[in-house]
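Taking it in order: structure first as structure tokens, then the write-up.
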Amino acid sequence: MISEHSYQGADESAAEEPGWDQKEMSLTEHLRELRNRLLVVVATVGIISVVAFLPSQYAIPYLVGLYFPPDIQLHAFGPADVIAVEFKFSLLAGVVVGLPVLLYQFWMFVIPAIQPKARRVVYAYVAPSFFLALAGIAFCHFLILPHVVRALLLMTSHVAVPTFGIAQTLGLILAMLLIFALIFQLPVVAVVLARLGFIDAPKMRSYRRYVFMTFMIVGGVAAPDGNPLTMALIAVPMYLLYEGSIIVVTLLEKSWKAADPFR
């Protein structure tokens, strides 16, 4: 038998929730719950992707024109290249638009034994993930991608004639947009973990130097041109989001300790 996750203070408040049952779940029940939540995730992303597939043929040329000069033409090196790019674009739209549902299903599987009141709290913190994803995409669009594309075009023109395939080019653009949409989820993840008692502000402060070094390494690996400015543009926002998360958690912890029946 696999016991569900317990929560600090759950025993004292369980009496207030007569419909709450902290029973044990078998491995089969855990797998069944995982299957059901994955079905919801796949259905959400799938439906949004289908809706976004037709507009993708108009959105992709517009997207390329935002980052590349008019004299750069993209080439399809195979009959399925364009379809593959449209599918990737639609899938990215499905993930970003459906992100609140995806995160909610993830948290509800990770903390299956939590009380109904705390589940509503998790939902309230996950909902803003959509707007944070849009903020991450906007940050990447205005500050990261133009700089990266210019640097890559300059490096390429020194050693070769630029002839870019549509699949590779759009793959780079979509991957970076998705990465920053996910990176900007850090405040939501930090607040939810703190709200559930897994981390707190003092612990987050104690890990500052390790987090900073980790983000610098990630920035160095993720920077396609190896330019220190590109590395900083990737690493610094991640660290600022971490510091912002510490501030938010610090402010919220005071009210949680005063009014939270689960802590």
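Residues in the structure tokens are named by chain (A, B, ... in the order shown) and by number from 1 within that chain; ligands are numbered from 1 in the order shown.
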Taking only region 28-208 of chain A into account, list the residues labelled helix (DSSP H, G or I) by DSSP (computed from the backbone), as number ranges by chain. A: 28-67, 81-97, 99-110, 116-126, 129-159, 166-183, 186-195, 201-206, 208
Using only C-alpha atoms, the residue out of A:Asn227, A:Leu132, A:Ser245, A:His75 with shortest distance to Met155 (chain A) is A:Asn227
Margin query: List the spatial neighbours of Phe131 (chain A) as JSON, numbers by chain - criterion: any atom at most 10 Å away, only C-alpha atoms, same-chain residues fewer than 3 positions off excluded.
Written below: {"A": [96, 97, 99, 100, 127, 128, 134, 135, 136, 137, 181, 184, 185]}
With N, CA and C atoms kept, could you save the residues just selected as a PDB file, in the first residue's frame?
```
ATOM      1  N   VAL A  96       0.699  26.514 -23.659  1.00  0.00           N
ATOM      2  CA  VAL A  96       0.676  27.823 -22.992  1.00  0.00           C
ATOM      3  C   VAL A  96      -0.740  28.179 -22.540  1.00  0.00           C
ATOM      4  N   VAL A  97      -1.713  28.057 -23.450  1.00  0.00           N
ATOM      5  CA  VAL A  97      -3.089  28.412 -23.101  1.00  0.00           C
ATOM      6  C   VAL A  97      -3.648  27.461 -22.049  1.00  0.00           C
ATOM      7  N   LEU A  99      -1.943  25.932 -19.747  1.00  0.00           N
ATOM      8  CA  LEU A  99      -1.025  25.783 -18.624  1.00  0.00           C
ATOM      9  C   LEU A  99      -1.706  25.765 -17.253  1.00  0.00           C
ATOM     10  N   PRO A 100      -2.711  26.610 -16.994  1.00  0.00           N
ATOM     11  CA  PRO A 100      -3.375  26.511 -15.683  1.00  0.00           C
ATOM     12  C   PRO A 100      -3.965  25.131 -15.418  1.00  0.00           C
ATOM     13  N   ALA A 127      -3.984  29.561 -10.993  1.00  0.00           N
ATOM     14  CA  ALA A 127      -4.699  30.313 -12.022  1.00  0.00           C
ATOM     15  C   ALA A 127      -3.866  31.429 -12.656  1.00  0.00           C
ATOM     16  N   PRO A 128      -3.079  32.204 -11.882  1.00  0.00           N
ATOM     17  CA  PRO A 128      -2.280  33.270 -12.510  1.00  0.00           C
ATOM     18  C   PRO A 128      -1.168  32.773 -13.415  1.00  0.00           C
ATOM     19  N   LEU A 134       2.287  34.434 -20.314  1.00  0.00           N
ATOM     20  CA  LEU A 134       2.253  35.517 -21.291  1.00  0.00           C
ATOM     21  C   LEU A 134       3.369  36.531 -21.023  1.00  0.00           C
ATOM     22  N   ALA A 135       3.646  36.805 -19.753  1.00  0.00           N
ATOM     23  CA  ALA A 135       4.729  37.726 -19.411  1.00  0.00           C
ATOM     24  C   ALA A 135       6.076  37.156 -19.844  1.00  0.00           C
ATOM     25  N   GLY A 136       6.265  35.856 -19.650  1.00  0.00           N
ATOM     26  CA  GLY A 136       7.504  35.218 -20.079  1.00  0.00           C
ATOM     27  C   GLY A 136       7.674  35.256 -21.584  1.00  0.00           C
ATOM     28  N   ILE A 137       6.593  35.007 -22.313  1.00  0.00           N
ATOM     29  CA  ILE A 137       6.644  35.069 -23.776  1.00  0.00           C
ATOM     30  C   ILE A 137       6.942  36.492 -24.240  1.00  0.00           C
ATOM     31  N   ALA A 181       8.143  30.919 -21.059  1.00  0.00           N
ATOM     32  CA  ALA A 181       6.807  30.771 -20.485  1.00  0.00           C
ATOM     33  C   ALA A 181       6.861  29.903 -19.230  1.00  0.00           C
ATOM     34  N   PHE A 184       8.880  31.703 -16.150  1.00  0.00           N
ATOM     35  CA  PHE A 184       8.101  32.710 -15.427  1.00  0.00           C
ATOM     36  C   PHE A 184       7.045  32.086 -14.507  1.00  0.00           C
ATOM     37  N   GLN A 185       6.995  30.749 -14.445  1.00  0.00           N
ATOM     38  CA  GLN A 185       6.119  30.088 -13.487  1.00  0.00           C
ATOM     39  C   GLN A 185       6.760  29.969 -12.103  1.00  0.00           C
TER      40      GLN A 185
END
```
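For Ala43 (chain A), the residues within 12 Å (counting only C-alpha atoms, excluding itself and residues fewer than 2 positions away along the chain) are Asn36, Arg37, Leu38, Leu39, Val40, Val41, Val45, Gly46, Ile47, Ile48, Ser49, Val50, Leu91, Gly94, Val95, Gly98, Val101 and Leu102 of chain A.
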One residue among A:Leu152, A:Ile199, A:Met108, A:Ile179 is nearest to Gly219 (chain A) when using only C-alpha atoms, and that residue is A:Ile179
Quick one: contact table of region 148-237 of chain A to region 76-87 of chain A, 6 Å max, nearest atom pair and distance in Å to one decimal per residue, counting only C-alpha atoms, chain and number order, as a tab-separated table?
```
residue	atom	partner	partner_atom	distance
A:Gly165	CA	A:Ala76	CA	5.7
A:Ile166	CA	A:Ala76	CA	5.7
A:Ala167	CA	A:Val85	CA	5.6
```
Please dump the current selection as a compact mmCIF listing (two decimals), in the first residue's frame; keep N, CA and C atoms.
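part_32.txt, freshly written:
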```
# COMPACT_ATOMS: atom_id res chain seq x y z
N GLY A 165 16.39 26.56 -42.84
CA GLY A 165 15.21 25.72 -42.99
C GLY A 165 14.11 26.18 -42.06
N ILE A 166 12.88 26.07 -42.51
CA ILE A 166 11.76 26.55 -41.71
C ILE A 166 11.59 25.73 -40.43
N ALA A 167 11.85 24.43 -40.50
CA ALA A 167 11.67 23.57 -39.32
C ALA A 167 12.67 23.93 -38.23
```
Expressed in Å, the length from CA of Leu252 (chain A) to CA of Val188 (chain A) is 12.7 Å
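Minimum atom-to-atom distances from A:Val149, A:Leu63, A:Val51, A:Leu103 to Ser129 (chain A) were compared using only C-alpha atoms, and the lowest value belongs to A:Leu103.
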One decimal place gives the CA of Met213 (chain A)-CA of Met238 (chain A) separation as 11.3 Å
DSSP strand (DSSP E or B) selection over region 3-252 of chain A, as JSON, numbers by chain | {"A": [25, 74, 75, 164, 165]}
Next, the residues of the selection above should be written as an mmCIF file, in the first residue's frame with C-alpha atoms.
```cif
data_model
loop_
_atom_site.group_PDB
_atom_site.id
_atom_site.type_symbol
_atom_site.label_atom_id
_atom_site.label_comp_id
_atom_site.auth_asym_id
_atom_site.auth_seq_id
_atom_site.Cartn_x
_atom_site.Cartn_y
_atom_site.Cartn_z
ATOM 1 C CA MET A 25 -4.530 4.298 -1.746
ATOM 2 C CA LEU A 74 13.074 30.220 -45.017
ATOM 3 C CA HIS A 75 13.237 26.992 -47.001
ATOM 4 C CA PHE A 164 17.699 28.549 -43.110
ATOM 5 C CA GLY A 165 15.213 25.717 -42.994
#
```
Practice problem: Write out as a ChimeraX atom specification each polymer residue whose atoms come within 8 Å of region 234-237 of chain A, counting only C-alpha atoms; drop sequence neighbours fewer than 6 positions from it. | Solution: /A:144,215-216,218-219,222-223
Students should find that CA of Leu143 (chain A) and CA of Ala160 (chain A) are spaced 26.3 Å
